[in-house]
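Heads up, the thing below is written out as structure tokens.
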Amino acid sequence: DGHSQVWVNTPRRLIGWHQSIRAQLLPNGPAPLQVRVSGGSWGLACNAIHLIDLVAWWTQSSVQSVNPAGLGDWVQSKRGGFQEVFGSLSLTYTDGSELELCCHSGSEPIQITVMTPQGEWLIEEKAGMVTGPDGQQIPGQLSFQSELTAPLVKQILQESCCDLPTFAESTAQHRPLLAALLKHWNQSQGCQDSIVPIT
């Protein structure tokens, strides 16, 4: 039927709290956003894709470019044989949205700052609070994967679709991200690898 039957598990799209955040961030539908994600030791190389997908979902647009110029040193990942990186990664989207992902070696929890046409929102996932430009608050929490799986499988079985990005959509996010990380890896290590050692 021409529809992909493969989806990629970037699950913020499934989480009820994030669905209500999206509705309030952009009450008039998709619009270009300026988004900054910052925190300490959150695993930029490993976890960037989740935040890249979040902005793609909010804006209904796709990744146009990924700039690794702000990335710094590679460090040993918690998983043996793999690497992580500190610094910042800058992305642009086809609708003009911009995303900056910043990760340093401290331990501060991630903060997601979103500049919308209506003003600035602050999303603090760990604290379970979102604060809007007029003092609006949206309390909530990230769901566990175990809470998301059963409804997801039920939706796929009943409707042959789900709210996750398709394999094609996710591939279009992974390719420029991996290319940018590989470019930084090769430049910083003085090598010509074809694979970047991240999880």
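Residue numbering restarts at 1 for every chain of the structure tokens, chains are lettered A, B, ... in their displayed order, and ligands are numbered from 1 as they appear.
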
Near-Glu100 (chain A) list (9 Å; only C-alpha atoms; drop same-chain fewer than 2 positions) as a list in words
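After dropping sequence-adjacent residues, the list is Gln34, Val35, Arg36, Val37, Ser38, Ser88, Leu89, Ser90, Leu91, Thr92, Glu98 and Cys102 of chain A.
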
Selection file, N, CA, C and O atoms, as a tab-separated table (two decimals), in the first residue's frame:
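Everything below was put into part19.tsv:
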```tsv
chain	number	residue	atom	x	y	z
A	34	GLN	N	13.00	28.65	17.61
A	34	GLN	CA	14.41	28.69	18.00
A	34	GLN	C	14.50	27.86	19.28
A	34	GLN	O	13.90	28.23	20.29
A	35	VAL	N	15.22	26.75	19.22
A	35	VAL	CA	15.26	25.83	20.36
A	35	VAL	C	16.70	25.65	20.82
A	35	VAL	O	17.61	25.48	20.00
A	36	ARG	N	16.90	25.71	22.14
A	36	ARG	CA	18.23	25.46	22.70
A	36	ARG	C	18.10	24.42	23.80
A	36	ARG	O	17.29	24.55	24.70
A	37	VAL	N	18.91	23.36	23.68
A	37	VAL	CA	18.93	22.29	24.67
A	37	VAL	C	20.30	22.36	25.34
A	37	VAL	O	21.32	22.32	24.66
A	38	SER	N	20.33	22.50	26.67
A	38	SER	CA	21.63	22.55	27.33
A	38	SER	C	21.59	21.80	28.64
A	38	SER	O	20.55	21.71	29.31
A	88	SER	N	28.81	21.90	21.25
A	88	SER	CA	27.47	22.20	20.73
A	88	SER	C	27.36	21.84	19.26
A	88	SER	O	28.33	21.89	18.51
A	89	LEU	N	26.14	21.46	18.90
A	89	LEU	CA	25.79	21.05	17.55
A	89	LEU	C	24.64	21.97	17.12
A	89	LEU	O	23.68	22.14	17.88
A	90	SER	N	24.73	22.56	15.94
A	90	SER	CA	23.69	23.48	15.48
A	90	SER	C	22.98	22.90	14.26
A	90	SER	O	23.63	22.43	13.33
A	91	LEU	N	21.65	22.94	14.30
A	91	LEU	CA	20.85	22.40	13.19
A	91	LEU	C	19.91	23.45	12.65
A	91	LEU	O	19.41	24.29	13.40
A	92	THR	N	19.65	23.36	11.35
A	92	THR	CA	18.58	24.15	10.76
A	92	THR	C	17.58	23.17	10.13
A	92	THR	O	17.95	22.06	9.72
A	98	GLU	N	15.58	26.56	14.12
A	98	GLU	CA	16.96	26.31	14.50
A	98	GLU	C	16.99	25.58	15.83
A	98	GLU	O	16.20	25.87	16.73
A	102	CYS	N	23.58	21.64	23.31
A	102	CYS	CA	24.80	21.95	24.07
A	102	CYS	C	24.97	20.96	25.21
A	102	CYS	O	24.04	20.74	26.00
```

Using only C-alpha atoms, which protein or nucleic acid residues come within 12 Å of region 174-181 of chain A? Drop anything in the same chain fewer than 5 positions from it, and give the result as a PyMOL selection string.
chain A and resi 8+10+44-53+62-74+83-93+101+165+167-169+186-189+193-199

Can you check which parts of region 17-47 of chain A lie within 10 Å of region 130-140 of chain A? Per residue, the shortest pair of atoms and distance in Å to one decimal, counting only C-alpha atoms, sorted by chain and number, as CSV.
```
residue,atom,partner,partner_atom,distance
A:Trp17,CA,A:Gly140,CA,5.6
A:His18,CA,A:Gly140,CA,8.5
A:Ser20,CA,A:Ile138,CA,8.1
A:Ile21,CA,A:Ile138,CA,7.2
A:Gln24,CA,A:Gly132,CA,8.8
A:Leu25,CA,A:Gly132,CA,8.2
```

For the structure I just gave you, how does DSSP split region 6-183 of chain A - specifically, which residues are helix (DSSP H, G or I)? Reply as JSON, numbers by chain.
{"A": [11, 12, 13, 14, 16, 17, 18, 19, 20, 21, 22, 23, 24, 25, 44, 45, 46, 47, 48, 49, 50, 51, 52, 53, 54, 55, 56, 57, 58, 59, 145, 146, 147, 148, 149, 150, 151, 152, 153, 154, 155, 156, 157, 158, 159, 167, 168, 169, 170, 171, 172, 173, 174, 175, 176, 177, 178, 179, 180, 181, 182, 183]}

So that I can check the surroundings of Thr149 (chain A), please list as a PyMOL selection string every protein, DNA and RNA residue that reaches within 12 Å of it, counting only C-alpha atoms and ignoring chain neighbours fewer than 4 positions away.
chain A and resi 9+11+14-15+143-145+153-156+162+164

Same residues, all heavy atoms, output as an mmCIF file, in the first residue's frame:
```
data_model
loop_
_atom_site.group_PDB
_atom_site.id
_atom_site.type_symbol
_atom_site.label_atom_id
_atom_site.label_comp_id
_atom_site.auth_asym_id
_atom_site.auth_seq_id
_atom_site.Cartn_x
_atom_site.Cartn_y
_atom_site.Cartn_z
ATOM 1 N N ASN A 9 11.816 4.359 17.270
ATOM 2 C CA ASN A 9 11.383 4.675 18.622
ATOM 3 C C ASN A 9 12.069 5.917 19.199
ATOM 4 O O ASN A 9 12.957 5.829 20.029
ATOM 5 C CB ASN A 9 11.618 3.455 19.529
ATOM 6 C CG ASN A 9 10.879 3.606 20.843
ATOM 7 O OD1 ASN A 9 9.821 4.216 20.896
ATOM 8 N ND2 ASN A 9 11.443 3.080 21.910
ATOM 9 N N PRO A 11 10.513 8.275 21.357
ATOM 10 C CA PRO A 11 9.168 8.173 21.942
ATOM 11 C C PRO A 11 8.566 9.430 22.560
ATOM 12 O O PRO A 11 7.447 9.368 23.045
ATOM 13 C CB PRO A 11 9.351 7.097 23.022
ATOM 14 C CG PRO A 11 10.770 7.212 23.444
ATOM 15 C CD PRO A 11 11.527 7.618 22.197
ATOM 16 N N LEU A 14 5.032 10.022 21.697
ATOM 17 C CA LEU A 14 3.972 9.174 22.261
ATOM 18 C C LEU A 14 3.532 9.635 23.649
ATOM 19 O O LEU A 14 2.499 9.206 24.152
ATOM 20 C CB LEU A 14 4.471 7.726 22.397
ATOM 21 C CG LEU A 14 4.955 7.008 21.144
ATOM 22 C CD1 LEU A 14 5.452 5.617 21.518
ATOM 23 C CD2 LEU A 14 3.843 6.931 20.099
ATOM 24 N N ILE A 15 4.352 10.456 24.296
ATOM 25 C CA ILE A 15 4.137 10.789 25.704
ATOM 26 C C ILE A 15 3.063 11.866 25.820
ATOM 27 O O ILE A 15 3.156 12.936 25.210
ATOM 28 C CB ILE A 15 5.473 11.236 26.335
ATOM 29 C CG1 ILE A 15 6.451 10.052 26.342
ATOM 30 C CG2 ILE A 15 5.263 11.794 27.739
ATOM 31 C CD1 ILE A 15 7.878 10.409 26.730
ATOM 32 N N SER A 143 7.142 9.420 30.312
ATOM 33 C CA SER A 143 6.639 8.072 30.566
ATOM 34 C C SER A 143 7.770 7.070 30.439
ATOM 35 O O SER A 143 8.734 7.282 29.717
ATOM 36 C CB SER A 143 5.560 7.722 29.539
ATOM 37 O OG SER A 143 4.558 8.712 29.502
ATOM 38 N N PHE A 144 7.640 5.959 31.146
ATOM 39 C CA PHE A 144 8.575 4.848 30.980
ATOM 40 C C PHE A 144 8.229 4.116 29.684
ATOM 41 O O PHE A 144 7.071 4.056 29.283
ATOM 42 C CB PHE A 144 8.471 3.863 32.156
ATOM 43 C CG PHE A 144 8.979 4.427 33.447
ATOM 44 C CD1 PHE A 144 8.098 4.746 34.470
ATOM 45 C CD2 PHE A 144 10.337 4.651 33.650
ATOM 46 C CE1 PHE A 144 8.559 5.267 35.669
ATOM 47 C CE2 PHE A 144 10.804 5.171 34.843
ATOM 48 C CZ PHE A 144 9.917 5.480 35.857
ATOM 49 N N GLN A 145 9.242 3.541 29.044
ATOM 50 C CA GLN A 145 8.996 2.765 27.824
ATOM 51 C C GLN A 145 7.954 1.670 28.093
ATOM 52 O O GLN A 145 7.101 1.396 27.255
ATOM 53 C CB GLN A 145 10.300 2.146 27.310
ATOM 54 C CG GLN A 145 10.145 1.418 25.988
ATOM 55 C CD GLN A 145 9.720 2.326 24.843
ATOM 56 O OE1 GLN A 145 10.306 3.377 24.629
ATOM 57 N NE2 GLN A 145 8.702 1.922 24.089
ATOM 58 N N VAL A 153 1.689 -0.861 20.471
ATOM 59 C CA VAL A 153 1.479 -2.110 19.738
ATOM 60 C C VAL A 153 0.006 -2.259 19.360
ATOM 61 O O VAL A 153 -0.333 -2.633 18.232
ATOM 62 C CB VAL A 153 1.970 -3.317 20.568
ATOM 63 C CG1 VAL A 153 1.552 -4.632 19.922
ATOM 64 C CG2 VAL A 153 3.490 -3.260 20.724
ATOM 65 N N LYS A 154 -0.888 -1.903 20.288
ATOM 66 C CA LYS A 154 -2.328 -1.980 20.028
ATOM 67 C C LYS A 154 -2.710 -1.083 18.842
ATOM 68 O O LYS A 154 -3.449 -1.498 17.944
ATOM 69 C CB LYS A 154 -3.098 -1.553 21.283
ATOM 70 C CG LYS A 154 -4.600 -1.735 21.182
ATOM 71 C CD LYS A 154 -5.260 -1.394 22.506
ATOM 72 C CE LYS A 154 -6.769 -1.502 22.397
ATOM 73 N NZ LYS A 154 -7.433 -1.061 23.638
ATOM 74 N N GLN A 155 -2.160 0.146 18.825
ATOM 75 C CA GLN A 155 -2.463 1.073 17.727
ATOM 76 C C GLN A 155 -1.963 0.529 16.389
ATOM 77 O O GLN A 155 -2.669 0.590 15.378
ATOM 78 C CB GLN A 155 -1.838 2.451 18.004
ATOM 79 C CG GLN A 155 -2.252 3.497 16.974
ATOM 80 C CD GLN A 155 -1.563 4.839 17.159
ATOM 81 O OE1 GLN A 155 -0.532 4.944 17.815
ATOM 82 N NE2 GLN A 155 -2.136 5.874 16.571
ATOM 83 N N ILE A 156 -0.749 -0.032 16.393
ATOM 84 C CA ILE A 156 -0.202 -0.590 15.146
ATOM 85 C C ILE A 156 -1.073 -1.756 14.659
ATOM 86 O O ILE A 156 -1.399 -1.844 13.474
ATOM 87 C CB ILE A 156 1.262 -1.035 15.346
ATOM 88 C CG1 ILE A 156 2.166 0.196 15.523
ATOM 89 C CG2 ILE A 156 1.740 -1.876 14.166
ATOM 90 C CD1 ILE A 156 3.589 -0.118 15.938
ATOM 91 N N CYS A 162 1.117 4.414 13.616
ATOM 92 C CA CYS A 162 1.328 4.884 14.985
ATOM 93 C C CYS A 162 1.900 6.291 14.930
ATOM 94 O O CYS A 162 2.140 6.836 13.849
ATOM 95 C CB CYS A 162 2.253 3.939 15.754
ATOM 96 S SG CYS A 162 3.966 3.983 15.214
ATOM 97 N N LEU A 164 4.814 7.361 16.021
ATOM 98 C CA LEU A 164 6.266 7.459 15.877
ATOM 99 C C LEU A 164 6.628 7.859 14.449
ATOM 100 O O LEU A 164 5.841 7.647 13.524
ATOM 101 C CB LEU A 164 6.922 6.118 16.204
ATOM 102 C CG LEU A 164 6.872 5.672 17.670
ATOM 103 C CD1 LEU A 164 7.382 4.249 17.803
ATOM 104 C CD2 LEU A 164 7.667 6.625 18.548
#
```

Let me make sure I understand: among A:Pro27, A:Gly43, A:Gly190, A:Pro32, which one has the smallest atom-to-atom distance to Asp95 (chain A) if we use only C-alpha atoms?
A:Pro32

So which one's closest to Leu142 (chain A), A:Gly80, A:Gly29, A:Gly16, A:Pro109? Using only C-alpha atoms, please.
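When distances to Leu142 (chain A) are compared using only C-alpha atoms, the smallest one comes from A:Gly16.
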
Top pick for closest residue to Ser61 (chain A), considering A:Met129, A:Cys191, A:Leu33, A:Met115 and counting only C-alpha atoms
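Among the listed residues, the smallest separation from Ser61 (chain A) belongs to A:Leu33.
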
Non-local contacts of Ile110 (chain A) (9 Å; only C-alpha atoms; under 3 positions in same chain excluded) as a VMD selection string:
chain A and resid 37 to 40 42 103 123 to 126

Restrict the selected residues to N, CA and C atoms and save them as an mmCIF file, in the first residue's frame.
```cif
data_model
loop_
_atom_site.group_PDB
_atom_site.id
_atom_site.type_symbol
_atom_site.label_atom_id
_atom_site.label_comp_id
_atom_site.auth_asym_id
_atom_site.auth_seq_id
_atom_site.Cartn_x
_atom_site.Cartn_y
_atom_site.Cartn_z
ATOM 1 N N VAL A 37 18.905 23.360 23.677
ATOM 2 C CA VAL A 37 18.932 22.295 24.674
ATOM 3 C C VAL A 37 20.300 22.362 25.341
ATOM 4 N N SER A 38 20.326 22.497 26.671
ATOM 5 C CA SER A 38 21.631 22.550 27.333
ATOM 6 C C SER A 38 21.591 21.799 28.644
ATOM 7 N N GLY A 39 22.745 21.228 28.992
ATOM 8 C CA GLY A 39 22.867 20.499 30.241
ATOM 9 C C GLY A 39 24.211 19.809 30.302
ATOM 10 N N GLY A 40 24.432 19.094 31.374
ATOM 11 C CA GLY A 40 25.714 18.441 31.577
ATOM 12 C C GLY A 40 25.634 16.933 31.402
ATOM 13 N N TRP A 42 24.774 14.720 29.227
ATOM 14 C CA TRP A 42 23.525 14.039 28.833
ATOM 15 C C TRP A 42 23.686 13.142 27.605
ATOM 16 N N CYS A 103 26.147 20.381 25.290
ATOM 17 C CA CYS A 103 26.422 19.411 26.349
ATOM 18 C C CYS A 103 27.825 19.660 26.891
ATOM 19 N N ILE A 123 11.291 24.124 29.177
ATOM 20 C CA ILE A 123 10.895 22.746 29.468
ATOM 21 C C ILE A 123 11.977 22.112 30.335
ATOM 22 N N GLU A 124 11.601 21.701 31.537
ATOM 23 C CA GLU A 124 12.519 21.022 32.452
ATOM 24 C C GLU A 124 11.968 19.621 32.705
ATOM 25 N N GLU A 125 12.423 18.680 31.876
ATOM 26 C CA GLU A 125 11.856 17.334 31.937
ATOM 27 C C GLU A 125 12.117 16.669 33.278
ATOM 28 N N LYS A 126 13.335 16.825 33.813
ATOM 29 C CA LYS A 126 13.670 16.142 35.068
ATOM 30 C C LYS A 126 12.817 16.659 36.224
#
```

From a backbone DSSP assignment, name each residue in region 20-138 of chain A labelled strand (DSSP E or B), as an MDAnalysis selection string.
chainID A and resid 34:40 63:67 71:76 83:93 98:104 111:116 119:124 129:131 137:138

Please save N, CA and C atoms of the selected residues as a compact mmCIF listing (two decimals), in the first residue's frame.
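result.txt was written with the following content:
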```txt
# COMPACT_ATOMS: atom_id res chain seq x y z
N GLN A 34 13.00 28.65 17.61
CA GLN A 34 14.41 28.69 18.00
C GLN A 34 14.50 27.86 19.28
N VAL A 35 15.22 26.75 19.22
CA VAL A 35 15.26 25.83 20.36
C VAL A 35 16.70 25.65 20.82
N ARG A 36 16.90 25.71 22.14
CA ARG A 36 18.23 25.46 22.70
C ARG A 36 18.10 24.42 23.80
N VAL A 37 18.91 23.36 23.68
CA VAL A 37 18.93 22.29 24.67
C VAL A 37 20.30 22.36 25.34
N SER A 38 20.33 22.50 26.67
CA SER A 38 21.63 22.55 27.33
C SER A 38 21.59 21.80 28.64
N GLY A 39 22.75 21.23 28.99
CA GLY A 39 22.87 20.50 30.24
C GLY A 39 24.21 19.81 30.30
N GLY A 40 24.43 19.09 31.37
CA GLY A 40 25.71 18.44 31.58
C GLY A 40 25.63 16.93 31.40
N VAL A 63 15.13 18.09 8.81
CA VAL A 63 16.48 18.62 9.01
C VAL A 63 17.05 19.07 7.68
N GLN A 64 17.56 20.29 7.65
CA GLN A 64 18.20 20.80 6.44
C GLN A 64 19.72 20.69 6.54
N SER A 65 20.28 21.08 7.70
CA SER A 65 21.74 20.99 7.85
C SER A 65 22.11 20.80 9.31
N VAL A 66 23.28 20.19 9.52
CA VAL A 66 23.81 19.97 10.86
C VAL A 66 25.25 20.47 10.86
N ASN A 67 25.55 21.40 11.76
CA ASN A 67 26.88 22.01 11.81
C ASN A 67 27.61 21.56 13.09
N LEU A 71 31.53 21.54 18.31
CA LEU A 71 31.86 20.35 19.10
C LEU A 71 33.32 20.39 19.54
N GLY A 72 33.59 19.81 20.71
CA GLY A 72 34.94 19.80 21.26
C GLY A 72 35.49 18.40 21.34
N ASP A 73 35.98 18.06 22.53
CA ASP A 73 36.70 16.81 22.71
C ASP A 73 35.78 15.60 22.78
N TRP A 74 36.29 14.51 22.24
CA TRP A 74 35.63 13.21 22.39
C TRP A 74 36.12 12.59 23.69
N VAL A 75 35.24 11.87 24.37
CA VAL A 75 35.58 11.19 25.62
C VAL A 75 35.03 9.77 25.57
N GLN A 76 35.59 8.92 26.40
CA GLN A 76 35.13 7.54 26.49
C GLN A 76 33.68 7.51 26.97
N GLN A 83 32.37 6.25 22.03
CA GLN A 83 32.79 7.60 22.37
C GLN A 83 31.58 8.52 22.55
N GLU A 84 31.79 9.58 23.32
CA GLU A 84 30.82 10.66 23.48
C GLU A 84 31.56 11.96 23.19
N VAL A 85 30.80 13.04 23.04
CA VAL A 85 31.43 14.31 22.68
C VAL A 85 30.77 15.45 23.46
N PHE A 86 31.58 16.43 23.85
CA PHE A 86 31.06 17.65 24.49
C PHE A 86 31.10 18.79 23.49
N GLY A 87 30.37 19.86 23.81
CA GLY A 87 30.33 21.02 22.93
C GLY A 87 28.92 21.26 22.42
N SER A 88 28.81 21.90 21.25
CA SER A 88 27.47 22.20 20.73
C SER A 88 27.36 21.84 19.26
N LEU A 89 26.14 21.46 18.90
CA LEU A 89 25.79 21.05 17.55
C LEU A 89 24.64 21.97 17.12
N SER A 90 24.73 22.56 15.94
CA SER A 90 23.69 23.48 15.48
C SER A 90 22.98 22.90 14.26
N LEU A 91 21.65 22.94 14.30
CA LEU A 91 20.85 22.40 13.19
C LEU A 91 19.91 23.45 12.65
N THR A 92 19.65 23.36 11.35
CA THR A 92 18.58 24.15 10.76
C THR A 92 17.58 23.17 10.13
N TYR A 93 16.33 23.61 10.08
CA TYR A 93 15.24 22.81 9.53
C TYR A 93 14.69 23.50 8.28
N GLU A 98 15.58 26.56 14.12
CA GLU A 98 16.96 26.31 14.50
C GLU A 98 16.99 25.58 15.83
N LEU A 99 17.92 24.62 15.93
CA LEU A 99 18.10 23.85 17.16
C LEU A 99 19.57 23.87 17.52
N GLU A 100 19.86 24.24 18.77
CA GLU A 100 21.23 24.18 19.28
C GLU A 100 21.26 23.18 20.43
N LEU A 101 22.13 22.17 20.29
CA LEU A 101 22.28 21.14 21.32
C LEU A 101 23.61 21.37 22.02
N CYS A 102 23.58 21.64 23.31
CA CYS A 102 24.80 21.95 24.07
C CYS A 102 24.97 20.96 25.21
N CYS A 103 26.15 20.38 25.29
CA CYS A 103 26.42 19.41 26.35
C CYS A 103 27.82 19.66 26.89
N HIS A 104 27.92 19.86 28.21
CA HIS A 104 29.23 20.05 28.83
C HIS A 104 29.45 18.95 29.86
N GLN A 111 17.90 21.47 30.11
CA GLN A 111 16.85 22.47 29.98
C GLN A 111 16.61 22.68 28.49
N ILE A 112 15.34 22.72 28.10
CA ILE A 112 14.98 22.97 26.71
C ILE A 112 14.28 24.33 26.67
N THR A 113 14.90 25.31 26.01
CA THR A 113 14.33 26.64 25.87
C THR A 113 13.77 26.77 24.45
N VAL A 114 12.52 27.17 24.34
CA VAL A 114 11.87 27.25 23.03
C VAL A 114 11.33 28.65 22.82
N MET A 115 11.84 29.34 21.80
CA MET A 115 11.30 30.65 21.44
C MET A 115 10.26 30.44 20.34
N THR A 116 9.01 30.74 20.67
CA THR A 116 7.89 30.59 19.74
C THR A 116 7.43 31.98 19.30
N GLY A 119 6.35 33.80 22.40
CA GLY A 119 7.26 34.05 23.51
C GLY A 119 8.06 32.81 23.87
N GLU A 120 8.76 32.88 25.01
CA GLU A 120 9.71 31.83 25.37
C GLU A 120 9.13 30.83 26.38
N TRP A 121 9.37 29.55 26.09
CA TRP A 121 8.97 28.47 26.97
C TRP A 121 10.21 27.78 27.53
N LEU A 122 10.11 27.29 28.75
CA LEU A 122 11.21 26.54 29.37
C LEU A 122 10.68 25.16 29.75
N ILE A 123 11.29 24.12 29.18
CA ILE A 123 10.89 22.75 29.47
C ILE A 123 11.98 22.11 30.33
N GLU A 124 11.60 21.70 31.54
CA GLU A 124 12.52 21.02 32.45
C GLU A 124 11.97 19.62 32.71
N MET A 129 8.35 20.06 34.80
CA MET A 129 7.63 21.32 34.68
C MET A 129 7.98 22.05 33.38
N VAL A 130 6.94 22.62 32.78
CA VAL A 130 7.10 23.50 31.62
C VAL A 130 6.51 24.85 32.02
N THR A 131 7.25 25.93 31.72
CA THR A 131 6.78 27.27 32.05
C THR A 131 6.69 28.10 30.78
N GLN A 137 1.86 27.05 33.36
CA GLN A 137 2.66 25.91 33.78
C GLN A 137 1.99 24.62 33.31
N ILE A 138 2.81 23.70 32.81
CA ILE A 138 2.31 22.39 32.39
C ILE A 138 3.12 21.34 33.13
```

Write out as a PDB file with C-alpha atoms, in the first residue's frame each polymer residue whose atoms come within 12 Å of Leu157 (chain A), counting only C-alpha atoms; drop sequence neighbours fewer than 6 positions from it.
```pdb
ATOM      1  CA  GLN A   5       5.376  -0.468   8.227  1.00  0.00           C
ATOM      2  CA  ALA A 150       1.277  -1.775  24.964  1.00  0.00           C
ATOM      3  CA  PRO A 151      -0.786   1.174  23.615  1.00  0.00           C
TER       4      PRO A 151
END
```
